[in-house]
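**Q** My structure file run27.txt, compact mmCIF, C-alpha atoms and all ligand atoms, is below:
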```txt
# COMPACT_ATOMS: atom_id res chain seq x y z
CA MET A 1 47.79 30.96 -25.52
CA ASN A 2 44.38 29.39 -25.58
CA ARG A 3 41.87 32.22 -25.13
CA TYR A 4 40.14 30.58 -22.13
CA ILE A 5 43.46 30.34 -20.34
CA LEU A 6 44.11 33.99 -21.20
CA PHE A 7 40.70 35.02 -19.78
CA PHE A 8 41.36 33.00 -16.64
CA PHE A 9 44.78 34.62 -16.25
CA LEU A 10 43.31 38.13 -16.67
CA PHE A 11 40.52 37.33 -14.22
CA CYS A 12 43.01 36.17 -11.58
CA THR A 13 45.28 39.20 -12.06
CA CYS A 14 42.38 41.65 -11.71
CA ASN A 15 41.14 39.82 -8.64
CA ILE A 16 44.55 39.98 -6.96
CA GLN A 17 44.81 43.68 -7.77
CA ALA A 18 41.33 44.33 -6.43
CA GLN A 19 42.26 42.65 -3.15
CA ASN A 20 45.38 44.73 -2.72
CA VAL A 21 43.69 48.07 -3.26
CA ALA A 22 41.54 49.54 -0.53
CA ASN A 23 37.98 50.38 -1.54
CA TYR A 24 36.68 53.76 -0.36
CA ASP A 25 33.50 53.75 -2.39
CA GLU A 26 30.42 52.92 -0.33
CA SER A 27 28.58 51.87 -3.49
CA LYS A 28 31.17 49.12 -4.01
CA VAL A 29 30.65 47.57 -0.58
CA PRO A 30 29.37 44.08 -1.35
CA ASP A 31 25.91 42.89 -0.30
CA TYR A 32 27.24 40.97 2.63
CA ILE A 33 25.38 38.68 4.99
CA LEU A 34 26.59 38.79 8.57
CA PRO A 35 26.90 35.43 10.31
CA GLU A 36 24.25 35.21 13.02
CA LEU A 37 25.15 35.65 16.63
CA LEU A 38 22.30 33.81 18.19
CA ARG A 39 22.15 30.72 16.00
CA CYS A 40 24.44 27.75 16.58
CA ASN A 41 26.28 26.05 13.76
CA ASP A 42 23.74 23.19 13.91
CA GLY A 43 20.89 25.66 13.35
CA THR A 44 19.62 25.82 16.95
CA ALA A 45 18.36 29.27 17.94
CA VAL A 46 19.96 30.69 21.08
CA THR A 47 17.33 32.06 23.42
CA THR A 48 18.97 31.78 26.85
CA ILE A 49 22.19 32.97 28.46
CA THR A 50 23.09 29.36 29.28
CA GLN A 51 22.82 28.34 25.63
CA TRP A 52 24.88 31.33 24.63
CA GLU A 53 27.59 30.70 27.22
CA ASN A 54 27.76 26.92 26.90
CA LYS A 55 27.18 26.37 23.22
CA ARG A 56 27.32 29.38 20.89
CA LYS A 57 30.10 31.28 22.63
CA PRO A 58 32.57 28.33 22.47
CA GLU A 59 31.73 27.89 18.76
CA LEU A 60 32.60 31.51 18.06
CA MET A 61 35.69 31.43 20.26
CA GLU A 62 36.91 28.49 18.21
CA TYR A 63 36.62 30.56 15.01
CA PHE A 64 38.72 33.35 16.47
CA TYR A 65 41.32 30.92 17.83
CA SER A 66 41.60 28.81 14.70
CA GLN A 67 41.00 31.37 11.95
CA GLU A 68 42.09 34.80 13.12
CA TYR A 69 44.23 35.36 16.21
CA GLY A 70 45.69 31.91 16.81
CA ARG A 71 45.35 29.59 19.77
CA THR A 72 46.25 31.18 23.09
CA PRO A 73 48.52 28.87 25.10
CA SER A 74 47.07 27.80 28.43
CA GLU A 75 50.39 27.19 30.17
CA ASN A 76 51.43 29.55 32.99
CA ILE A 77 54.70 31.34 32.48
CA ASN A 78 56.81 32.09 35.56
CA VAL A 79 57.00 35.78 36.26
CA LYS A 80 58.93 37.87 38.77
CA TYR A 81 58.15 41.51 39.48
CA GLN A 82 60.80 43.99 40.50
CA ILE A 83 60.01 47.59 41.41
CA LEU A 84 62.76 49.57 39.74
CA ALA A 85 61.67 53.07 40.63
CA GLN A 86 59.02 54.92 42.56
CA ASN A 87 58.30 58.64 42.61
CA PRO A 88 55.69 59.99 45.03
CA LYS A 89 55.82 63.41 43.37
CA ALA A 90 55.22 62.45 39.76
CA LEU A 91 53.16 64.60 37.39
CA GLU A 92 53.86 67.71 39.46
CA GLY A 93 52.88 66.00 42.67
CA LYS A 94 49.51 64.72 41.46
CA ALA A 95 50.51 61.09 41.27
CA THR A 96 52.89 58.42 42.45
CA SER A 97 54.69 56.70 39.62
CA LYS A 98 55.99 53.17 39.82
CA GLN A 99 58.10 51.35 37.27
CA ILE A 100 57.99 47.60 37.49
CA LYS A 101 60.08 45.09 35.60
CA PHE A 102 58.30 41.85 34.70
CA SER A 103 60.75 38.98 34.07
CA PHE A 104 59.07 36.06 32.33
CA VAL A 105 61.36 33.06 32.62
CA GLU A 106 60.69 29.69 31.04
CA ASN A 107 62.24 27.15 28.74
CA GLY A 108 65.71 28.58 29.40
CA LYS A 109 64.62 31.94 27.99
CA THR A 110 63.74 35.29 29.54
CA VAL A 111 61.54 38.12 28.30
CA GLU A 112 61.52 41.39 30.24
CA ALA A 113 58.72 43.92 30.10
CA PHE A 114 58.54 47.29 31.85
CA LEU A 115 55.30 48.65 33.27
CA LEU A 116 54.79 52.33 34.04
CA LEU A 117 52.03 52.97 36.56
CA TYR A 118 50.65 56.29 37.82
CA ILE A 119 48.37 56.30 40.86
CA PRO A 120 46.52 59.51 41.82
CA ASN A 121 47.75 60.92 45.14
CA ALA A 122 44.48 62.66 45.97
CA ALA A 123 42.47 59.43 45.99
CA GLN A 124 41.28 57.92 49.22
CA GLY A 125 41.30 54.13 49.13
CA LYS A 126 41.41 51.99 46.02
CA VAL A 127 41.11 53.46 42.54
CA PRO A 128 39.98 52.17 39.13
CA VAL A 129 42.67 51.78 36.48
CA VAL A 130 42.97 52.16 32.73
CA ILE A 131 45.55 49.89 31.09
CA GLY A 132 46.96 50.32 27.60
CA TYR A 133 50.03 49.66 25.52
CA ASN A 134 52.03 52.47 23.99
CA PHE A 135 53.64 52.48 20.55
CA LYS A 136 56.94 54.21 21.18
CA GLY A 137 58.13 53.23 24.64
CA ASN A 138 57.07 54.35 28.12
CA HIS A 139 59.39 57.36 27.77
CA SER A 140 57.31 58.58 24.80
CA THR A 141 54.14 58.94 26.88
CA THR A 142 55.50 61.70 29.16
CA THR A 143 58.34 64.19 29.37
CA GLU A 144 59.21 63.05 32.92
CA GLU A 145 62.95 62.46 32.98
CA ASP A 146 62.97 59.42 35.25
CA ILE A 147 61.08 57.08 32.91
CA LEU A 148 63.22 54.06 32.06
CA TYR A 149 63.88 52.56 28.65
CA SER A 150 63.00 48.88 28.67
CA SER A 151 65.63 46.23 27.93
CA ALA A 152 63.85 45.31 24.69
CA TYR A 153 63.75 48.99 23.70
CA LYS A 154 67.46 49.42 24.29
CA GLU A 155 68.18 46.39 22.17
CA LEU A 156 65.68 46.83 19.32
CA LYS A 157 66.20 50.57 18.98
CA LYS A 158 69.92 50.75 19.61
CA ASN A 159 70.59 52.07 16.13
CA ASP A 160 67.64 54.43 16.10
CA ARG A 161 68.55 57.00 18.76
CA SER A 162 66.14 59.58 17.36
CA THR A 163 63.26 57.58 18.88
CA TRP A 164 64.74 57.88 22.34
CA THR A 165 63.35 61.41 22.70
CA ARG A 166 61.02 61.78 25.65
CA GLY A 167 57.41 62.78 25.37
CA GLU A 168 56.93 62.26 21.65
CA GLN A 169 53.43 60.86 22.13
CA THR A 170 52.23 62.71 25.21
CA ASN A 171 49.19 63.76 23.17
CA ARG A 172 48.00 60.14 23.24
CA TRP A 173 48.26 59.88 27.02
CA SER A 174 46.17 62.48 28.81
CA TYR A 175 47.78 61.57 32.13
CA ASP A 176 46.72 64.79 33.88
CA ARG A 177 43.14 64.33 32.83
CA ILE A 178 43.08 60.64 33.78
CA ILE A 179 44.63 61.30 37.20
CA ASP A 180 42.35 64.31 37.85
CA ARG A 181 39.37 62.10 37.23
CA GLY A 182 40.53 59.67 39.89
CA TYR A 183 41.89 56.88 37.72
CA ALA A 184 45.25 55.16 37.85
CA VAL A 185 46.85 54.46 34.49
CA ALA A 186 49.26 51.71 33.48
CA THR A 187 51.18 51.43 30.24
CA MET A 188 53.81 49.21 28.65
CA TRP A 189 55.66 49.23 25.34
CA TYR A 190 53.87 46.56 23.29
CA GLU A 191 57.09 45.36 21.69
CA ASP A 192 58.38 44.24 25.09
CA ILE A 193 55.92 41.36 24.69
CA TYR A 194 56.29 40.69 20.97
CA PRO A 195 58.50 42.74 18.63
CA ASP A 196 56.36 44.21 15.89
CA ARG A 197 58.23 42.90 12.88
CA PRO A 198 58.28 39.61 11.04
CA GLY A 199 61.01 37.15 12.00
CA PHE A 200 61.35 38.28 15.62
CA GLU A 201 59.14 35.68 17.28
CA GLU A 202 62.22 34.00 18.72
CA ARG A 203 62.65 36.88 21.13
CA SER A 204 58.95 37.26 21.86
CA ILE A 205 56.93 35.82 24.70
CA ALA A 206 55.69 33.07 22.34
CA ALA A 207 59.14 31.43 22.41
CA LEU A 208 58.81 30.77 26.14
CA PHE A 209 55.96 28.30 25.78
CA SER A 210 56.83 24.60 25.65
CA ASP A 211 54.83 23.96 22.45
CA TYR A 212 56.42 26.88 20.60
CA GLU A 213 58.56 24.74 18.28
CA ALA A 214 55.71 22.32 17.60
CA ASN A 215 53.42 25.17 16.57
CA VAL A 216 55.72 26.94 14.16
CA ASP A 217 54.04 25.67 10.98
CA LYS A 218 50.48 25.41 12.24
CA PRO A 219 47.69 27.44 10.61
CA ASP A 220 46.44 28.46 14.08
CA LYS A 221 49.88 29.54 15.29
CA TRP A 222 49.72 32.20 17.98
CA GLN A 223 51.32 35.41 16.76
CA ALA A 224 51.72 39.07 17.72
CA ILE A 225 48.11 40.18 18.26
CA GLY A 226 47.41 37.09 20.34
CA ALA A 227 50.57 37.67 22.35
CA TRP A 228 49.83 41.35 22.91
CA ALA A 229 46.38 40.39 24.19
CA TRP A 230 48.00 37.88 26.56
CA GLY A 231 50.37 40.58 27.80
CA LEU A 232 47.43 42.80 28.83
CA SER A 233 46.21 39.97 31.04
CA ARG A 234 49.63 39.71 32.65
CA ILE A 235 49.49 43.44 33.44
CA ALA A 236 46.13 42.80 35.10
CA ASP A 237 47.70 39.96 37.14
CA TYR A 238 50.31 42.37 38.44
CA LEU A 239 47.79 45.12 39.18
CA GLU A 240 45.84 42.70 41.33
CA THR A 241 48.82 42.75 43.69
CA GLU A 242 48.81 46.57 43.94
CA GLU A 243 47.22 47.74 47.16
CA LYS A 244 45.85 50.99 45.75
CA ILE A 245 44.25 49.45 42.66
CA ASP A 246 40.66 48.28 42.65
CA SER A 247 40.99 45.06 40.68
CA GLU A 248 37.22 44.96 40.15
CA LYS A 249 37.52 48.18 38.15
CA MET A 250 39.96 47.57 35.35
CA ALA A 251 39.50 49.09 31.90
CA ILE A 252 41.69 48.50 28.85
CA MET A 253 42.18 50.94 26.00
CA GLY A 254 44.05 50.24 22.78
CA HIS A 255 44.67 52.32 19.69
CA SER A 256 44.83 50.84 16.20
CA ARG A 257 46.84 47.56 16.16
CA GLN A 258 46.75 47.69 19.93
CA GLY A 259 42.99 48.18 19.68
CA LYS A 260 42.76 44.87 17.85
CA ALA A 261 44.75 43.20 20.66
CA THR A 262 42.65 45.01 23.26
CA LEU A 263 39.35 43.68 21.92
CA TRP A 264 40.77 40.16 21.83
CA ALA A 265 42.11 40.53 25.40
CA GLY A 266 38.71 41.85 26.47
CA VAL A 267 37.03 38.78 25.04
CA GLN A 268 39.33 36.33 26.79
CA ASP A 269 39.85 37.91 30.18
CA GLU A 270 37.08 38.81 32.60
CA HIS A 271 39.45 41.00 34.58
CA PHE A 272 38.53 43.70 32.08
CA LYS A 273 35.18 45.23 32.91
CA VAL A 274 35.44 47.96 30.27
CA VAL A 275 37.07 47.38 26.89
CA ILE A 276 37.87 50.35 24.66
CA SER A 277 38.88 50.12 21.02
CA ASN A 278 40.21 53.26 19.36
CA ASN A 279 40.51 53.29 15.54
CA SER A 280 41.19 49.53 15.55
CA GLY A 281 39.95 48.94 11.99
CA CYS A 282 40.59 45.74 10.04
CA GLY A 283 41.02 42.73 12.33
CA GLY A 284 39.73 44.94 15.17
CA ALA A 285 36.28 46.48 15.38
CA ALA A 286 35.61 46.90 11.64
CA LEU A 287 33.39 44.40 9.86
CA ALA A 288 35.59 42.44 7.45
CA LYS A 289 32.71 41.66 5.10
CA ARG A 290 32.27 45.30 4.14
CA VAL A 291 35.72 45.15 2.51
CA TYR A 292 36.03 48.91 2.96
CA GLY A 293 39.41 50.55 3.67
CA GLU A 294 42.07 48.07 4.74
CA ASN A 295 41.10 44.48 3.91
CA ILE A 296 42.36 41.01 4.77
CA ALA A 297 44.62 40.71 1.71
CA ILE A 298 46.33 44.01 2.52
CA ILE A 299 46.73 43.45 6.25
CA THR A 300 47.97 39.86 6.10
CA LYS A 301 50.50 40.76 3.42
CA ALA A 302 51.84 43.83 5.23
CA PHE A 303 51.80 42.25 8.69
CA PRO A 304 52.30 38.49 8.31
CA HIS A 305 53.27 38.24 11.99
CA TRP A 306 50.02 39.65 13.43
CA PHE A 307 47.29 37.07 12.82
CA CYS A 308 47.48 33.29 12.66
CA PRO A 309 48.46 32.07 9.18
CA ALA A 310 44.93 30.70 8.55
CA PHE A 311 43.53 34.24 8.40
CA SER A 312 45.25 34.93 5.08
CA ARG A 313 43.11 32.21 3.46
CA TYR A 314 40.31 34.79 3.47
CA ALA A 315 42.30 37.34 1.48
CA GLY A 316 39.88 38.52 -1.21
CA LYS A 317 37.33 36.02 0.14
CA GLU A 318 35.70 37.96 2.96
CA ALA A 319 32.31 36.60 1.88
CA GLU A 320 33.49 33.13 2.89
CA LEU A 321 34.39 34.10 6.46
CA PRO A 322 32.16 32.04 8.75
CA PHE A 323 32.35 34.80 11.40
CA ASP A 324 32.87 38.56 11.59
CA GLN A 325 34.05 41.20 14.01
CA HIS A 326 30.62 42.05 15.50
CA GLN A 327 30.85 38.58 17.02
CA LEU A 328 34.20 39.44 18.58
CA ILE A 329 32.57 42.44 20.25
CA ALA A 330 29.58 40.39 21.36
CA LEU A 331 31.92 37.90 23.05
CA ILE A 332 32.84 40.66 25.52
CA ALA A 333 29.25 40.80 26.82
CA PRO A 334 27.98 41.28 29.47
CA ARG A 335 31.08 43.38 30.18
CA SER A 336 31.08 46.80 28.55
CA VAL A 337 32.62 47.88 25.28
CA TYR A 338 33.30 51.26 23.68
CA VAL A 339 34.32 51.67 20.04
CA ALA A 340 35.80 54.93 18.77
CA SER A 341 36.47 56.05 15.20
CA ALA A 342 37.82 59.18 13.53
CA VAL A 343 36.23 60.63 10.44
CA ASP A 344 39.46 61.01 8.47
CA ASP A 345 40.57 57.49 9.34
CA GLN A 346 38.75 55.82 6.44
CA TRP A 347 41.49 53.15 6.30
CA ALA A 348 39.96 51.77 9.51
CA ASP A 349 36.39 51.97 8.12
CA PRO A 350 34.54 54.03 10.76
CA LYS A 351 31.16 52.83 9.51
CA GLY A 352 32.27 49.20 9.76
CA GLU A 353 33.55 49.84 13.29
CA PHE A 354 30.22 51.37 14.25
CA LEU A 355 28.19 48.57 12.67
CA SER A 356 30.15 45.95 14.60
CA ALA A 357 29.25 47.65 17.86
CA TYR A 358 25.65 47.94 16.70
CA HIS A 359 25.35 44.32 15.54
CA ALA A 360 26.83 42.99 18.78
CA GLY A 361 23.55 44.19 20.32
CA PRO A 362 21.55 40.93 20.43
CA VAL A 363 23.94 39.32 22.90
CA TYR A 364 23.87 42.33 25.23
CA GLN A 365 20.07 42.25 24.96
CA LEU A 366 20.08 38.58 25.91
CA TYR A 367 21.70 39.70 29.17
CA GLY A 368 18.98 42.35 29.55
CA LEU A 369 21.38 45.20 28.75
CA LYS A 370 20.76 48.28 26.61
CA THR A 371 22.58 48.55 23.30
CA LEU A 372 22.90 51.00 20.43
CA GLU A 373 19.42 51.71 19.10
CA SER A 374 20.02 52.86 15.57
CA ASP A 375 22.09 51.39 12.78
CA THR A 376 22.75 54.86 11.33
CA LEU A 377 26.27 56.15 11.88
CA PRO A 378 26.00 58.88 14.55
CA ALA A 379 26.88 62.49 13.80
CA ILE A 380 30.51 63.51 14.16
CA ASP A 381 31.48 64.34 17.78
CA LYS A 382 28.11 63.14 19.08
CA PRO A 383 28.71 59.91 21.01
CA VAL A 384 25.92 57.38 21.39
CA VAL A 385 26.24 55.63 24.69
CA THR A 386 24.53 53.16 26.96
CA PRO A 387 26.39 51.89 30.04
CA SER A 388 27.14 48.67 28.11
CA VAL A 389 27.94 49.80 24.57
CA GLY A 390 29.29 53.15 23.44
CA TYR A 391 30.48 54.64 20.18
CA HIS A 392 31.77 57.92 18.84
CA ILE A 393 33.22 59.22 15.63
CA ARG A 394 35.37 62.26 16.19
CA THR A 395 36.65 65.03 13.95
CA GLY A 396 40.18 64.40 12.70
CA GLY A 397 42.43 61.49 11.88
CA HIS A 398 43.99 58.29 13.15
CA ASP A 399 45.13 59.16 16.68
CA VAL A 400 44.13 59.28 20.34
CA LYS A 401 43.05 62.75 21.38
CA ASP A 402 41.98 64.44 24.61
CA TYR A 403 38.45 64.28 23.23
CA ASP A 404 38.67 60.48 23.07
CA TRP A 405 39.97 60.22 26.64
CA GLU A 406 37.20 62.50 27.88
CA LYS A 407 34.59 60.17 26.36
CA PHE A 408 36.38 56.98 27.46
CA LEU A 409 36.50 58.21 31.04
CA ASP A 410 32.82 59.23 30.91
CA PHE A 411 32.07 55.66 29.82
CA CYS A 412 34.24 54.24 32.61
CA ASP A 413 32.41 56.48 35.11
CA LEU A 414 29.10 54.99 33.96
CA ASN A 415 30.47 51.54 34.72
CA PHE A 416 32.48 52.12 37.89
C1 LIG A 501 48.58 50.23 9.81
C2 LIG A 501 47.74 48.99 9.67
C3 LIG A 501 46.50 49.04 10.53
C4 LIG A 501 46.87 49.39 11.96
C5 LIG A 501 47.70 50.65 11.97
C6 LIG A 501 48.23 51.03 13.35
O1 LIG A 501 47.93 51.31 9.24
O2 LIG A 501 47.42 48.83 8.32
O3 LIG A 501 45.81 47.82 10.51
O4 LIG A 501 45.71 49.50 12.74
O5 LIG A 501 48.83 50.47 11.15
O6 LIG A 501 48.41 50.20 14.20
O7 LIG A 501 48.54 52.22 13.52
```
In structure tokens, what does this structure look like?
Ligand code: GCU

**A**
Amino acid sequence: MNRYILFFFLFCTCNIQAQNVANYDESKVPDYILPELLRCNDGTAVTTITQWENKRKPELMEYFYSQEYGRTPSENINVKYQILAQNPKALEGKATSKQIKFSFVENGKTVEAFLLLYIPNAAQGKVPVVIGYNFKGNHSTTTEEDILYSSAYKELKKNDRSTWTRGEQTNRWSYDRIIDRGYAVATMWYEDIYPDRPGFEERSIAALFSDYEANVDKPDKWQAIGAWAWGLSRIADYLETEEKIDSEKMAIMGHSRQGKATLWAGVQDEHFKVVISNNSGCGGAALAKRVYGENIAIITKAFPHWFCPAFSRYAGKEAELPFDQHQLIALIAPRSVYVASAVDDQWADPKGEFLSAYHAGPVYQLYGLKTLESDTLPAIDKPVVTPSVGYHIRTGGHDVKDYDWEKFLDFCDLNF
């Protein structure tokens, strides 16, 4: 082999290997340049809210639609709600639980999704609500025996009966604490909306849209994260019909992959006044250009059904990204955002998650709002918070803990 060809071959192999291995060495973080928030693609500086909203914001939205999460369909999907169960003495009498089946019907297809809602009994009048997906089914969030398994759960997990155990992830859902603090809480199994595995889009919500077939090979094809974000908005639509819920006070919280979907839902839907990302990492709050922990090559290879296909073009080429995740966070402004990390969750790059929240600052400032003051990662278990932007890094690993809920609810209290 010609020696130049050999060198080229070796160079390519090393590069591919480098992309597929997570870097945990701060000294190997590249000297990245973050794309500016307040400068339009034609070089114009953004100095007013009108310029931001009418010119710069649509430019950035277009990046996220075309390069990362795919294009959200604008069509309305028919939905019917059916209350399947109601228990006025849930959570030892503290709350009323309601289980609602959403039937999305379009294009000759149906997708069913099951919402579990707890409303505090002690509250007078309307209450704020926190909405979030769960990983393992509504039955995993509590030991209450009357929680139903969704139709998708019964089908997708029919050969995996061990996961049918109740209450396996109660630690992630501090229901008592949430209810005691006067909040309602609503959760749904995220796979009701889009099964979390490649090759299952046919039975996801995406298949109900009329342009589904036409989009199959498009680089900006809408996939799981986009669909999960859409599903959060549909939960908000339902909650608007609930008498006891204050629809002006809706917060969303998502952990990890659901944190990625939560941030994207928060950007697109003004229903959500508070948006909370927990350990959302790569493709969520973490800056991609730091290439620390999970990176684009790793995530798009392991989860080809999450982002739009165009995102994988940046595998190993984070420096070429014309946008980054601090811009995603800034697109939520002037509504409030809280980012949470865990010190042992280096895969999600806590520092990169923090820096995104910090660098979103200029847009909040444009609205006259206070943002994070320092670009130094705060001490462990010492949140830094303004009513608009909050951040904490907690002791421990990749999870949602009581500590996190305590801080999230404090942040919600500041806003509601
Ligand atoms: C994997 C994945 C992450 C994701 C996480 C989760 O670790 O690589 O990107 O956030 O799963 O959802 O728990």

**Q** Give me the residues within 12 Å of Ser27 (chain A) as a compact mmCIF listing (two decimals) with C-alpha atoms, in the coordinates of the input, counting all atoms listed in the file and dropping any in the same chain fewer than 4 places off.

**A**
```
# COMPACT_ATOMS: atom_id res chain seq x y z
CA ASN A 23 37.98 50.38 -1.54
CA ASP A 31 25.91 42.89 -0.30
CA ARG A 290 32.27 45.30 4.14
CA VAL A 291 35.72 45.15 2.51
CA TYR A 292 36.03 48.91 2.96
```

**Q** In terms of the shortest atom-to-atom distance over all atoms listed in the file, which of A:Leu377, A:Leu156, A:Ala297, A:Ala95 is closest to Asp180 (chain A)?

**A**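 For Asp180 (chain A), the nearest of the given residues is A:Ala95.
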
**Q** Name each residue within 12 Å of ligand LIG 501 (chain A), counting only C-alpha atoms and all ligand atoms, as a PyMOL selection string.

**A** chain A and resi 20+22+133-136+190+196+225+254-262+277-286+288+293-304+306-307+341+345-349+397-400

**Q** Kindly indicate which residue among A:Glu145, A:Asp375, A:Asp344, A:Glu53 lies nearest to Val363 (chain A), using only C-alpha atoms for the distances.

**A** A:Glu53

**Q** From the list A:Glu112, A:Asp176, A:Glu242, A:Asp324, which residue is nearest Asp192 (chain A) when using only C-alpha atoms?

**A** A:Glu112

**Q** For region 325-338 of chain A, work out the shell of residues within 9 Å, counting all atoms listed in the file and skipping chain neighbours fewer than 2 positions away, then give it as number ranges by chain.

**A** A: 34-37, 57, 60-61, 64, 263-264, 266-270, 272-278, 282-288, 323, 340, 353, 355-364, 367, 369, 385, 387-392, 408, 411, 415

**Q** Find the residues around Arg234 (chain A) up to 10 Å (all atoms listed in the file counted), leave out those fewer than 4 positions away in its own chain, and share them as a list in words.

**A**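 In the requested form, the answer reads Ile77, Val79, Phe102, Trp228, Ala229, Trp230, Tyr238, Leu239 and Glu240 of chain A.
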
**Q** Give me a file of those residues, with C-alpha atoms, as an mmCIF file, keeping the file's coordinate frame.

**A**
```cif
data_model
loop_
_atom_site.group_PDB
_atom_site.id
_atom_site.type_symbol
_atom_site.label_atom_id
_atom_site.label_comp_id
_atom_site.auth_asym_id
_atom_site.auth_seq_id
_atom_site.Cartn_x
_atom_site.Cartn_y
_atom_site.Cartn_z
ATOM 1 C CA ILE A 77 54.700 31.340 32.480
ATOM 2 C CA VAL A 79 57.000 35.780 36.260
ATOM 3 C CA PHE A 102 58.300 41.850 34.700
ATOM 4 C CA TRP A 228 49.830 41.350 22.910
ATOM 5 C CA ALA A 229 46.380 40.390 24.190
ATOM 6 C CA TRP A 230 48.000 37.880 26.560
ATOM 7 C CA TYR A 238 50.310 42.370 38.440
ATOM 8 C CA LEU A 239 47.790 45.120 39.180
ATOM 9 C CA GLU A 240 45.840 42.700 41.330
#
```

**Q** So how far away is CA of Tyr212 (chain A) from CA of Asn78 (chain A), in Å?

**A**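 Going from CA of Asn78 (chain A) over to CA of Tyr212 (chain A) covers 15.8 Å.
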
**Q** Output as a Markdown table one row per residue of region 54-143 of chain A within 10 Å of region 243-248 of chain A: the closest atom pair and its distance in Å to one decimal place, counting only C-alpha atoms, sorted by chain and residue number ascending.

**A**
```
| residue | atom | partner | partner_atom | distance |
| --- | --- | --- | --- | --- |
| A:Ile119 | CA | A:Lys244 | CA | 7.6 |
| A:Pro120 | CA | A:Lys244 | CA | 9.4 |
| A:Ala123 | CA | A:Lys244 | CA | 9.1 |
| A:Gln124 | CA | A:Lys244 | CA | 9.0 |
| A:Gly125 | CA | A:Lys244 | CA | 6.5 |
| A:Lys126 | CA | A:Lys244 | CA | 4.6 |
| A:Val127 | CA | A:Ile245 | CA | 5.1 |
| A:Pro128 | CA | A:Asp246 | CA | 5.3 |
| A:Val129 | CA | A:Ile245 | CA | 6.8 |
```

**Q** Of the candidates A:Ser233, A:Ser140, A:Asn171, A:Ser162, which shows the shortest atom-to-atom distance to Tyr403 (chain A), using all atoms listed in the file?

**A** A:Asn171

**Q** How far is it from CA of Leu409 (chain A) to CA of Leu148 (chain A), in Å with one decimal?

**A**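 Distance reported for this atom pair: 27.1 Å.
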
**Q** Could you work out how far CA of Ser374 (chain A) lies from CA of Thr44 (chain A), giving the answer in Å with one decimal?

**A**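 One can read the CA of Thr44 (chain A) to CA of Ser374 (chain A) distance as 27.1 Å.
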
**Q** Padding 4 Å on each side, edges along x, y and z: where is the centre of the box around the listed atoms of region 212-216 of chain A, and how long are its edges in Å to one decimal? Output it as lines of an AutoDock Vina configuration file.

**A**
```
center_x = 56.0
center_y = 24.6
center_z = 17.4
size_x = 13.1
size_y = 12.6
size_z = 14.4
```

**Q** Give me, as a PDB file with C-alpha atoms, keeping the file's coordinate frame, all polymer residues having an atom no more than 10 Å from Tyr118 (chain A), counting only C-alpha atoms and skipping those fewer than 2 positions away in the same chain.

**A**
```pdb
ATOM      1  CA  GLN A  86      59.020  54.920  42.560  1.00  0.00           C
ATOM      2  CA  ASN A  87      58.300  58.640  42.610  1.00  0.00           C
ATOM      3  CA  PRO A  88      55.690  59.990  45.030  1.00  0.00           C
ATOM      4  CA  ALA A  90      55.220  62.450  39.760  1.00  0.00           C
ATOM      5  CA  LEU A  91      53.160  64.600  37.390  1.00  0.00           C
ATOM      6  CA  LYS A  94      49.510  64.720  41.460  1.00  0.00           C
ATOM      7  CA  ALA A  95      50.510  61.090  41.270  1.00  0.00           C
ATOM      8  CA  THR A  96      52.890  58.420  42.450  1.00  0.00           C
ATOM      9  CA  SER A  97      54.690  56.700  39.620  1.00  0.00           C
ATOM     10  CA  LYS A  98      55.990  53.170  39.820  1.00  0.00           C
ATOM     11  CA  GLN A  99      58.100  51.350  37.270  1.00  0.00           C
ATOM     12  CA  LEU A 116      54.790  52.330  34.040  1.00  0.00           C
ATOM     13  CA  PRO A 120      46.520  59.510  41.820  1.00  0.00           C
ATOM     14  CA  ASN A 121      47.750  60.920  45.140  1.00  0.00           C
ATOM     15  CA  VAL A 129      42.670  51.780  36.480  1.00  0.00           C
ATOM     16  CA  TYR A 175      47.780  61.570  32.130  1.00  0.00           C
ATOM     17  CA  ILE A 178      43.080  60.640  33.780  1.00  0.00           C
ATOM     18  CA  ILE A 179      44.630  61.300  37.200  1.00  0.00           C
ATOM     19  CA  TYR A 183      41.890  56.880  37.720  1.00  0.00           C
ATOM     20  CA  ALA A 184      45.250  55.160  37.850  1.00  0.00           C
ATOM     21  CA  VAL A 185      46.850  54.460  34.490  1.00  0.00           C
ATOM     22  CA  ALA A 186      49.260  51.710  33.480  1.00  0.00           C
ATOM     23  CA  THR A 187      51.180  51.430  30.240  1.00  0.00           C
TER      24      THR A 187
END
```

**Q** Using only C-alpha atoms, which residue out of A:Phe354, A:Trp189, A:Tyr24, A:Phe416 lies closest to Phe114 (chain A)?

**A** A:Trp189

**Q** Under the rule that all atoms listed in the file are counted, which of A:Glu144, A:Asp220, A:Glu191, A:Glu202 is the nearest residue to Tyr65 (chain A)?

**A**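 The shortest atom-to-atom distance to Tyr65 (chain A) comes from A:Asp220.
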
**Q** Counting all atoms listed in the file, which residues sit no farther than 12 Å from the position (51.7, 36.5, 11.4) in the file's frame? I'd like them as a ChimeraX atom specification.

**A** /A:67-70,194-201,216-227,299-312
